[in-house]
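The structure file structure-v5.txt is reproduced below (compact mmCIF, C-alpha atoms).
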# COMPACT_ATOMS: atom_id res chain seq x y z
CA MET A 1 34.20 130.19 106.50
CA SER A 2 34.19 130.13 110.27
CA ALA A 3 34.87 126.83 111.96
CA PRO A 4 32.19 125.22 114.09
CA VAL A 5 32.94 125.69 117.75
CA SER A 6 32.98 122.94 120.30
CA SER A 7 34.22 122.42 123.80
CA PHE A 8 34.35 118.66 123.22
CA SER A 9 36.92 116.83 125.30
CA LEU A 10 38.19 120.00 126.82
CA PRO A 11 38.63 120.44 130.53
CA PRO A 12 36.29 122.96 132.09
CA PRO A 13 37.51 126.54 131.89
CA VAL A 14 39.34 127.81 134.90
CA SER A 15 37.06 130.14 136.80
CA SER A 16 39.86 132.49 137.76
CA LEU A 17 40.25 133.59 134.14
CA PRO A 18 38.06 136.59 133.38
CA HIS A 19 35.95 136.37 130.24
CA ALA A 20 36.97 132.71 129.89
CA ALA A 21 34.10 131.93 127.55
CA GLU A 22 35.37 134.45 125.02
CA ALA A 23 39.05 133.70 125.52
CA TYR A 24 39.42 131.04 122.85
CA HIS A 25 37.62 129.59 119.89
CA ILE A 26 38.09 125.85 119.53
CA PRO A 27 36.99 124.23 116.26
CA SER A 28 34.61 121.29 116.63
CA LEU A 29 35.93 117.75 116.60
CA GLY A 30 34.35 117.06 113.21
CA TYR A 31 35.96 120.15 111.72
CA ARG A 32 39.35 119.15 113.11
CA ILE A 33 38.98 115.64 111.71
CA VAL A 34 38.16 117.02 108.26
CA VAL A 35 41.12 119.40 108.29
CA ALA A 36 43.43 116.67 109.65
CA THR A 37 42.32 114.35 106.85
CA LEU A 38 43.07 117.00 104.24
CA ARG A 39 46.40 117.65 105.94
CA LEU A 40 47.12 113.94 105.76
CA VAL A 41 47.34 114.02 101.96
CA PRO A 42 50.54 116.11 101.67
CA LEU A 43 51.94 114.33 104.72
CA ILE A 44 51.57 110.93 103.04
CA VAL A 45 53.11 112.30 99.86
CA VAL A 46 56.15 113.72 101.71
CA LEU A 47 56.69 111.05 104.37
CA VAL A 48 55.68 107.94 102.45
CA GLY A 49 55.12 108.53 98.74
CA ILE A 50 58.31 110.31 97.73
CA PRO A 51 60.75 108.24 99.88
CA VAL A 52 59.20 104.92 98.87
CA ALA A 53 59.09 105.95 95.19
CA ALA A 54 62.75 107.05 95.31
CA LEU A 55 63.87 103.80 96.94
CA THR A 56 61.80 101.70 94.54
CA TYR A 57 63.32 103.58 91.61
CA LEU A 58 66.84 102.88 92.88
CA GLN A 59 66.06 99.24 93.58
CA SER A 60 64.62 98.73 90.09
CA ARG A 61 68.01 99.86 88.73
CA SER A 62 69.91 97.34 90.84
CA ILE A 63 71.24 100.02 93.13
CA THR A 64 71.51 98.85 96.70
CA LEU A 65 69.42 100.74 99.21
CA PRO A 66 70.70 102.45 102.37
CA VAL A 67 67.50 101.47 104.19
CA SER A 68 64.74 98.99 103.41
CA ILE A 69 61.52 100.14 101.76
CA ASN A 70 59.47 98.45 104.50
CA THR A 71 61.25 100.42 107.22
CA VAL A 72 60.52 103.72 105.47
CA LEU A 73 56.93 102.64 104.82
CA VAL A 74 56.22 101.63 108.41
CA TYR A 75 57.77 104.72 109.98
CA GLY A 76 56.19 106.98 107.36
CA VAL A 77 52.68 105.65 107.99
CA LEU A 78 53.23 105.76 111.75
CA LEU A 79 54.41 109.38 111.68
CA CYS A 80 51.51 110.42 109.43
CA ALA A 81 49.01 108.80 111.79
CA MET A 82 50.60 110.35 114.90
CA SER A 83 50.85 113.77 113.30
CA THR A 84 47.16 113.60 112.39
CA ALA A 85 46.21 112.50 115.90
CA ARG A 86 48.33 115.30 117.31
CA TYR A 87 46.46 117.86 115.21
CA ILE A 88 43.06 116.55 116.24
CA LEU A 89 44.01 116.42 119.91
CA ARG A 90 45.57 119.86 120.01
CA PRO A 91 42.88 121.45 122.21
CA THR A 92 43.14 118.62 124.74
CA ARG A 93 45.60 117.61 127.43
CA ALA A 94 46.69 114.71 125.25
CA TYR A 95 48.38 117.13 122.86
CA GLY A 96 51.63 117.31 124.81
CA PRO A 97 52.04 113.53 125.32
CA VAL A 98 51.12 112.79 121.68
CA SER A 99 53.65 115.41 120.54
CA MET A 100 56.27 113.71 122.69
CA ALA A 101 55.34 110.30 121.31
CA THR A 102 55.58 111.59 117.72
CA ALA A 103 59.00 113.07 118.45
CA ALA A 104 60.09 109.83 120.12
CA VAL A 105 59.09 107.77 117.06
CA THR A 106 60.99 110.22 114.85
CA ILE A 107 64.05 109.84 117.07
CA VAL A 108 63.82 106.04 116.84
CA PHE A 109 63.53 106.34 113.04
CA PHE A 110 66.61 108.57 112.85
CA LEU A 111 68.52 106.22 115.15
CA THR A 112 67.61 103.36 112.79
CA LEU A 113 69.11 105.41 109.97
CA LEU A 114 72.11 106.29 112.12
CA VAL A 115 72.99 102.62 112.61
CA GLN A 116 73.19 102.20 108.82
CA SER A 117 74.67 105.60 108.12
CA THR A 118 77.38 104.44 105.77
CA TYR A 119 75.96 103.83 102.35
CA HIS A 120 77.88 101.57 99.98
CA LEU A 121 76.79 102.08 96.42
CA GLY A 122 77.89 99.47 93.92
CA VAL A 123 77.79 101.08 90.51
CA PRO A 124 76.05 98.65 88.12
CA GLN A 125 78.19 97.12 85.36
CA SER A 126 81.32 98.46 86.98
CA THR A 127 83.79 97.50 89.68
CA ALA A 128 83.30 100.89 91.31
CA VAL A 129 81.99 101.08 94.86
CA ILE A 130 81.12 104.46 96.32
CA SER A 131 80.72 104.84 100.07
CA VAL A 132 79.17 107.85 101.70
CA THR A 133 78.90 108.33 105.45
CA TYR A 134 76.10 110.61 106.63
CA THR A 135 76.37 110.05 110.37
CA ASP A 136 76.96 113.76 111.06
CA LEU A 137 73.90 114.71 109.05
CA ILE A 138 71.64 112.31 110.97
CA GLU A 139 73.05 113.58 114.25
CA ILE A 140 72.18 117.15 113.25
CA LEU A 141 68.73 116.01 112.09
CA LEU A 142 68.21 114.38 115.50
CA VAL A 143 68.17 117.90 116.96
CA VAL A 144 64.78 118.42 115.28
CA PRO A 145 62.79 115.70 117.11
CA VAL A 146 64.72 116.29 120.33
CA LEU A 147 63.59 119.92 120.32
CA ALA A 148 60.06 118.77 119.46
CA LEU A 149 60.22 116.28 122.35
CA VAL A 150 61.21 119.00 124.80
CA ALA A 151 58.51 121.29 123.41
CA GLY A 152 55.96 118.49 123.95
CA LEU A 153 57.24 118.04 127.48
CA VAL A 154 56.91 121.75 128.24
CA THR A 155 53.36 121.72 126.82
CA THR A 156 52.50 118.68 128.96
CA ILE A 157 53.77 120.41 132.08
CA GLU A 158 51.90 123.57 131.16
CA ASP A 159 48.66 121.62 130.65
CA LEU A 160 49.12 119.88 133.99
CA ARG A 161 49.72 123.13 135.83
CA SER A 162 47.11 125.23 134.09
CA PRO A 163 44.88 123.17 131.77
CA THR A 164 43.40 125.95 129.62
CA GLU A 165 46.26 128.38 129.75
CA ARG A 166 47.49 127.86 126.21
CA LEU A 167 44.11 127.60 124.51
CA GLN A 168 43.59 131.36 124.26
CA PHE A 169 46.87 131.57 122.33
CA ASP A 170 46.49 128.40 120.28
CA PHE A 171 42.86 129.15 119.41
CA PRO A 172 42.38 132.90 119.62
CA PRO A 173 38.79 134.07 119.23
CA MET B 1 41.63 148.61 132.48
CA ALA B 2 43.71 145.47 132.04
CA ALA B 3 40.73 143.31 132.92
CA LEU B 4 38.75 144.79 130.06
CA LEU B 5 41.31 143.92 127.40
CA PRO B 6 40.74 140.71 125.49
CA LEU B 7 42.90 137.91 126.82
CA VAL B 8 44.56 137.26 123.45
CA HIS B 9 46.39 140.55 123.84
CA ARG B 10 48.06 139.39 127.02
CA THR B 11 51.63 138.18 126.97
CA PRO B 12 51.65 134.39 126.69
CA PRO B 13 52.77 132.55 129.81
CA ARG B 14 56.40 131.59 130.18
CA LEU B 15 55.91 127.84 129.55
CA TYR B 16 53.84 128.55 126.48
CA ARG B 17 56.53 130.85 125.12
CA TRP B 18 59.21 128.22 125.71
CA SER B 19 57.16 125.54 124.05
CA ARG B 20 56.51 127.79 121.06
CA ARG B 21 60.19 128.78 120.77
CA LEU B 22 61.29 125.16 120.85
CA ARG B 23 58.78 124.17 118.17
CA ARG B 24 59.83 127.08 115.97
CA LEU B 25 63.51 126.31 116.50
CA SER B 26 62.87 122.68 115.62
CA LEU B 27 61.11 123.75 112.42
CA LEU B 28 63.91 126.20 111.61
CA VAL B 29 66.60 123.53 112.02
CA PHE B 30 64.61 121.16 109.86
CA VAL B 31 64.13 123.71 107.07
CA VAL B 32 67.82 124.72 107.15
CA VAL B 33 68.93 121.08 106.99
CA ILE B 34 66.56 120.35 104.10
CA ILE B 35 67.82 123.40 102.15
CA PHE B 36 71.40 122.37 102.91
CA LEU B 37 70.69 118.81 101.73
CA GLY B 38 69.13 120.06 98.52
CA THR B 39 72.13 122.23 97.68
CA VAL B 40 74.53 119.42 98.61
CA ALA B 41 72.69 117.02 96.29
CA TYR B 42 72.81 119.56 93.46
CA SER B 43 76.50 120.27 94.05
CA ALA B 44 77.37 116.58 94.33
CA VAL B 45 75.74 115.86 90.97
CA ARG B 46 77.79 118.64 89.36
CA LEU B 47 80.93 117.30 91.02
CA VAL B 48 80.29 113.77 89.76
CA GLN B 49 79.67 115.08 86.25
CA SER B 50 83.12 116.68 86.27
CA SER B 51 84.90 113.51 87.38
CA PRO B 52 88.69 113.52 87.91
CA GLN B 53 90.74 113.52 84.72
CA SER B 54 94.19 111.99 84.51
CA SER B 55 96.59 113.52 82.05
CA GLY B 56 100.25 113.55 81.12
CA TYR B 57 100.52 109.82 81.71
CA SER B 58 104.03 108.56 80.90
CA ALA B 59 106.41 105.71 81.71
CA GLY B 60 110.17 105.55 81.59
CA PHE B 61 113.36 104.20 83.12
CA ALA B 62 114.83 105.68 86.28
CA ALA B 63 118.40 105.66 87.50
CA ASN B 64 118.00 103.23 90.37
CA GLY B 65 116.84 100.16 88.45
CA THR B 66 113.22 101.18 88.43
CA MET B 67 110.57 102.11 85.95
CA VAL B 68 108.58 105.20 86.76
CA VAL B 69 104.96 105.72 85.81
CA SER B 70 103.98 109.34 86.25
CA GLY B 71 101.13 111.63 85.41
CA SER B 72 98.77 114.08 86.99
CA VAL B 73 95.17 114.15 88.12
CA SER B 74 93.09 117.26 87.68
CA LEU B 75 89.94 117.76 89.67
CA SER B 76 87.40 120.52 89.43
CA ASN B 77 84.72 121.23 92.00
CA PRO B 78 81.93 123.26 90.42
CA GLY B 79 79.57 122.89 93.38
CA PHE B 80 78.83 125.13 96.37
CA TYR B 81 80.82 123.16 98.93
CA PRO B 82 84.50 122.33 99.38
CA LEU B 83 86.07 118.95 98.87
CA ASP B 84 88.49 118.48 101.74
CA GLY B 85 91.33 116.01 102.13
CA PHE B 86 91.01 114.47 98.69
CA GLU B 87 93.59 111.72 98.34
CA LEU B 88 94.16 108.95 95.89
CA ASN B 89 95.64 105.56 96.67
CA LEU B 90 96.72 103.41 93.75
CA ARG B 91 97.85 99.79 93.95
CA ILE B 92 99.14 97.77 91.01
CA LEU B 93 99.13 94.01 90.62
CA ASN B 94 100.47 92.13 87.63
CA SER B 95 98.47 89.65 85.60
CA SER B 96 99.21 86.83 88.04
CA GLY B 97 98.09 88.91 91.03
CA THR B 98 101.56 89.75 92.35
CA TYR B 99 101.84 93.12 94.06
CA LEU B 100 104.08 95.48 92.12
CA GLY B 101 103.77 98.86 93.78
CA ALA B 102 101.55 101.55 95.23
CA LEU B 103 101.34 105.28 95.47
CA LEU B 104 99.53 107.88 97.49
CA ALA B 105 98.64 111.20 95.91
CA GLY B 106 97.31 114.08 97.93
CA PRO B 107 95.67 114.99 100.21
CA VAL B 108 94.52 118.23 98.64
CA ASP B 109 91.63 120.55 99.39
CA VAL B 110 89.52 121.79 96.51
CA SER B 111 87.53 124.88 97.36
CA ALA B 112 83.97 125.42 96.15
CA GLY B 113 84.06 126.44 92.51
CA GLY B 114 87.79 125.73 92.33
CA ALA B 115 90.01 123.26 90.57
CA THR B 116 93.31 121.64 91.32
CA SER B 117 95.84 119.39 89.70
CA PHE B 118 98.35 117.23 91.48
CA PRO B 119 101.08 115.08 90.05
CA PHE B 120 101.72 111.45 90.93
CA SER B 121 104.70 109.22 90.38
CA LEU B 122 104.93 105.47 90.88
CA SER B 123 108.31 103.70 90.94
CA LEU B 124 108.35 100.03 90.04
CA PRO B 125 111.61 98.19 90.78
CA VAL B 126 112.40 96.06 87.74
CA SER B 127 115.80 94.72 88.79
CA THR B 128 116.53 91.02 88.35
CA GLY B 129 114.46 88.89 90.69
CA SER B 130 111.99 91.63 91.57
CA ALA B 131 108.26 91.14 91.21
CA ALA B 132 108.04 93.74 88.47
CA GLU B 133 110.85 92.19 86.40
CA SER B 134 108.36 90.78 83.91
CA LEU B 135 107.28 94.33 83.02
CA LEU B 136 110.48 94.61 80.98
CA VAL B 137 109.87 91.72 78.62
CA THR B 138 106.21 90.70 78.83
CA ASP B 139 103.17 92.58 77.57
CA GLN B 140 100.40 92.11 80.08
CA TYR B 141 97.33 93.52 81.72
CA LEU B 142 97.91 95.16 85.06
CA SER B 143 95.22 95.32 87.67
CA VAL B 144 95.10 98.87 88.99
CA GLY B 145 93.11 99.31 92.19
CA ILE B 146 92.19 102.91 92.95
CA TRP B 147 90.87 104.27 96.22
CA GLY B 148 89.77 107.89 96.56
CA ASN B 149 88.83 109.53 99.86
CA ALA B 150 87.49 112.96 100.62
CA THR B 151 85.05 114.83 102.82
CA TYR B 152 82.41 116.73 100.90
CA ALA B 153 80.36 119.62 102.20
CA TYR B 154 81.91 119.39 105.69
CA LEU B 155 79.64 116.52 106.75
CA PHE B 156 79.97 113.73 104.24
CA PRO B 157 83.09 111.55 104.28
CA ALA B 158 82.99 109.66 101.00
CA SER B 159 85.19 107.14 99.30
CA VAL B 160 85.29 105.50 95.93
CA HIS B 161 87.01 102.27 94.98
CA PHE B 162 87.32 100.71 91.61
CA THR B 163 89.61 98.40 89.71
CA GLN B 164 90.79 98.87 86.17
CA ASN B 165 92.74 96.60 83.89
CA LYS B 166 95.42 98.57 82.07
CA SER B 167 97.41 97.11 79.22
CA TRP B 168 101.15 97.32 79.69
CA GLY B 169 103.54 97.42 76.74
CA ALA B 170 106.94 96.01 77.67
CA PRO B 171 109.99 97.95 76.42
CA PHE B 172 111.76 94.69 75.53
CA ALA B 173 108.78 92.50 74.69
CA LEU B 174 109.57 89.02 73.38
CA LEU B 175 113.28 89.53 74.04
CA ARG B 176 115.31 86.83 72.31
CA ILE B 177 119.10 86.41 72.37
CA THR B 178 119.88 83.64 69.94
CA PRO B 179 123.44 82.45 69.37
CA GLY B 180 124.23 80.97 65.96
CA THR B 181 126.81 78.40 65.02
CA PRO B 182 130.29 79.21 66.33
CA THR B 183 133.01 79.59 63.70
CA SER B 184 136.77 79.64 64.10
CA GLN B 185 138.52 82.81 63.03
CA GLY B 186 142.19 82.15 63.45
CA ALA B 187 142.87 81.42 67.13
CA SER B 188 139.49 82.62 68.37
CA VAL B 189 135.95 81.35 68.11
CA VAL B 190 133.24 83.72 67.01
CA VAL B 191 129.51 83.19 67.46
CA PRO B 192 126.85 85.28 65.70
CA VAL B 193 124.26 86.47 68.20
CA THR B 194 120.87 87.71 67.11
CA LEU B 195 119.10 90.14 69.41
CA SER B 196 115.41 90.70 68.80
CA PHE B 197 112.60 92.34 70.70
CA SER B 198 109.67 94.62 70.24
CA ASN B 199 109.53 97.99 71.92
CA ASP B 200 105.88 97.97 72.99
CA ALA B 201 106.43 100.77 75.51
CA SER B 202 105.18 104.28 74.98
CA PHE B 203 108.67 105.79 74.75
CA THR B 204 111.66 105.55 72.43
CA GLU B 205 114.59 103.52 73.68
CA VAL B 206 117.88 105.27 73.14
CA GLY B 207 121.10 103.83 74.50
CA SER B 208 122.95 100.57 74.31
CA LEU B 209 122.20 97.01 75.21
CA ALA B 210 125.20 95.05 76.43
CA VAL B 211 124.81 91.32 75.87
CA GLY B 212 126.97 88.85 77.75
CA LEU B 213 127.16 85.13 77.03
CA TYR B 214 127.80 82.87 80.00
CA GLY B 215 128.69 79.22 80.22
CA SER B 216 126.79 76.77 82.37
CA ASN B 217 129.34 77.41 85.15
CA GLY B 218 128.47 81.13 85.17
CA ILE B 219 131.76 82.28 83.61
CA GLU B 220 131.42 84.99 80.98
CA CYS B 221 132.54 83.70 77.60
CA GLY B 222 132.08 86.89 75.61
CA ALA B 223 130.18 90.16 75.38
CA SER B 224 129.13 92.81 72.95
CA ALA B 225 126.96 95.91 72.89
CA PHE B 226 124.10 96.75 70.57
CA SER B 227 123.38 100.36 69.89
CA LEU B 228 119.67 101.16 70.28
CA ASN B 229 117.42 103.85 68.94
CA VAL B 230 114.10 102.06 68.85
CA PRO B 231 110.92 104.10 68.59
CA SER B 232 107.76 103.01 70.33
CA ARG B 233 105.87 100.11 68.69
CA THR B 234 108.88 99.05 66.64
CA LEU B 235 110.63 95.73 66.21
CA PHE B 236 114.37 95.45 66.74
CA ASP B 237 116.28 92.59 65.12
CA GLN B 238 120.04 92.72 64.75
CA THR B 239 122.90 90.23 64.61
CA GLN B 240 126.44 90.81 65.85
CA SER B 241 129.42 88.52 66.17
CA ILE B 242 130.79 87.91 69.65
CA ALA B 243 134.22 86.47 70.18
CA LEU B 244 134.26 83.73 72.77
CA ALA B 245 137.08 83.18 75.21
CA ALA B 246 139.31 80.24 74.45
CA GLY B 247 137.84 76.97 75.64
CA CYS B 248 134.62 78.60 76.83
CA SER B 249 131.35 76.96 75.79
CA VAL B 250 127.98 78.65 76.04
CA ALA B 251 126.03 75.42 75.60
CA GLY B 252 123.62 75.10 78.51
CA GLY B 253 124.57 78.55 79.70
CA TYR B 254 122.65 81.78 79.55
CA ALA B 255 122.69 85.25 78.02
CA GLN B 256 122.29 88.38 80.09
CA ALA B 257 121.47 91.79 78.62
CA THR B 258 121.88 95.14 80.34
CA PHE B 259 120.32 98.29 79.00
CA THR B 260 122.05 101.61 79.55
CA GLY B 261 120.39 104.81 78.49
CA SER B 262 118.47 107.85 79.65
CA GLY B 263 120.61 107.88 82.79
CA ALA B 264 119.45 104.42 83.79
CA THR B 265 121.01 100.99 83.90
CA ILE B 266 118.53 98.15 83.76
CA THR B 267 119.44 94.48 83.83
CA LEU B 268 117.07 92.36 81.79
CA PRO B 269 116.01 88.82 82.72
CA ARG B 270 118.35 86.02 81.75
CA GLU B 271 117.81 84.07 78.55
CA ALA B 272 118.69 80.38 78.68
CA LEU B 273 120.84 79.18 75.85
CA PRO B 274 120.41 75.79 74.21
Can you give me the file's structure in the form of structure tokens?
Amino acid sequence: MSAPVSSFSLPPPVSSLPHAAEAYHIPSLGYRIVVATLRLVPLIVVLVGIPVAALTYLQSRSITLPVSINTVLVYGVLLCAMSTARYILRPTRAYGPVSMATAAVTIVFFLTLLVQSTYHLGVPQSTAVISVTYTDLIEILLVVPVLALVAGLVTTIEDLRSPTERLQFDFPP
Amino acid sequence: MAALLPLVHRTPPRLYRWSRRLRRLSLLVFVVVIIFLGTVAYSAVRLVQSSPQSSGYSAGFAANGTMVVSGSVSLSNPGFYPLDGFELNLRILNSSGTYLGALLAGPVDVSAGGATSFPFSLSLPVSTGSAAESLLVTDQYLSVGIWGNATYAYLFPASVHFTQNKSWGAPFALLRITPGTPTSQGASVVVPVTLSFSNDASFTEVGSLAVGLYGSNGIECGASAFSLNVPSRTLFDQTQSIALAAGCSVAGGYAQATFTGSGATITLPREALP
């Protein structure tokens, strides 16, 4: 099935590019919204469903949590929404800034985890307390959104300098 | 010719290539970390399932007025990642919360898929007046606090702390030195002295127990030695006659016993005499 084509919300093609009309093939806004909605399902499962279910399971067994369920829920929903918006806005100049914003929210989330990165687990019906520090892990994980942030910045600069430059590679005909 | 080629065949611009590389690198780091985390979780579960085992636990007298508790801890690491700097701190309090002693075992490194065993030895001074003196004559529960520290899979410093109550069997539990009625035998006075105790320790006591009777002024009135060969969990009850020095009265005084055996000399707590 070929996607409907639309130039909605796109800046006008740069006249210096030869064959600009055939250079890229942007799906219509409606098509992108449908795909983004379908994409949202696994995102919600991974970013919200599984973490919240795991924390609820631990809490129901009187095991203290390293981070509150509400924190995971809020950041999970926020990241799902931003990731969806990012997908829909990919053909536009807003793609770079939204990518940066998504990365920034992820960084804030990881920093929230970093502050509480020593987990004290009181074993139920026992005097045992197990403590695990995962500061190093979070610091390594922070590399992921930092790289994404820089990538978003580079895309933003590219879109400012040459608005349609990347479209022929992101949306080849 | 170049102008006729479709644009998608052109080399992407430099900024685009950088952006794409960064996004791919970000994804690669994320995937590697997730795979690493998954294997760490799997390995950690296997490590926890093969929790440390203590073996060869024993207690005995040492030469310098101490009791020594010794044993070994074996640890296997069936996972994919090493356990570095594993060390065990142990702290013992008696039933009234008085600190008796502590030990540090390790640190040792346990490689992935490996196992190790390291011995530990804890000396408890049981000389007269020391905090652990009651271990000689009183069965009790000891509070054993255990701290374990290690770094797992290079990135995860972890510690475990728990407290256990361990029953302690005293080697001279319920020690009683009971003098009987003095009798005159010619020019001297003889008093029958009954020595009784229960060996609740885990080892056999072999040696001798010298018993001295002292007057209220601290002067020794007489002494004798009991020969011991008392297996674990056995009662000892024996009476011997002790000749008292002329004019020496043990009324209001005390009895003092000293155990000698297994290369050790241990002075037991005083027993007040009626």
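The closest residue to Ser72 in chain B, picked from B:Phe118, B:Tyr154, B:Phe226, B:Tyr141 and counting only C-alpha atoms, is B:Phe118.
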Identify which of the residues B:His161, B:Arg46, B:Arg17, B:Lys166 lies closest to chain A, counting only C-alpha atoms when measuring atom-to-atom distances.
B:His161
Using all atoms listed in the file: which of A:Val115, A:Leu121, A:Ser68, A:Ile44 has the shortest distance to Thr56 in chain A:
A:Ser68
Specify as a PyMOL selection string all residues of chain A found within 7 Å of chain B, counting only C-alpha atoms.
chain A and resi 23+127-134+136-137+141+144+147-148+151+154-155+158+166+168-169+172
Quick one: of B:Arg91, B:Ile177, B:Val69, B:Ser121, who's nearest to Pro269 in chain B, counting all atoms listed in the file?
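The shortest atom-to-atom distance to Pro269 in chain B comes from B:Ile177.
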How far is it from CA of Pro192 in chain B to CA of Gly247 in chain B, in Å with one decimal?
17.0 Å
For the atom pair CA of Ser232 in chain B and CA of Gly60 in chain B, what is the interatomic distance in Å to one decimal place?
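Interatomic distance, CA of Ser232 in chain B to CA of Gly60 in chain B: 11.8 Å.
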Expressed in Å to a single decimal, how great is the separation between CA of Gly97 in chain B and CA of Ala170 in chain B?
17.5 Å
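Shortest separation to Tyr119 in chain A among A:Leu65, A:Val34, A:Ile50, A:Ala104 occurs at residue A:Leu65, atoms counted being all atoms listed in the file.
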How big is the axis-aligned box around all listed atoms of range 95-113 of chain B once 6 Å goes on each side, and where's its centre, in Å to one decimal, as JSON?
{"center_x": 94.0, "center_y": 106.6, "center_z": 92.9, "size_x": 32.1, "size_y": 51.6, "size_z": 26.6}
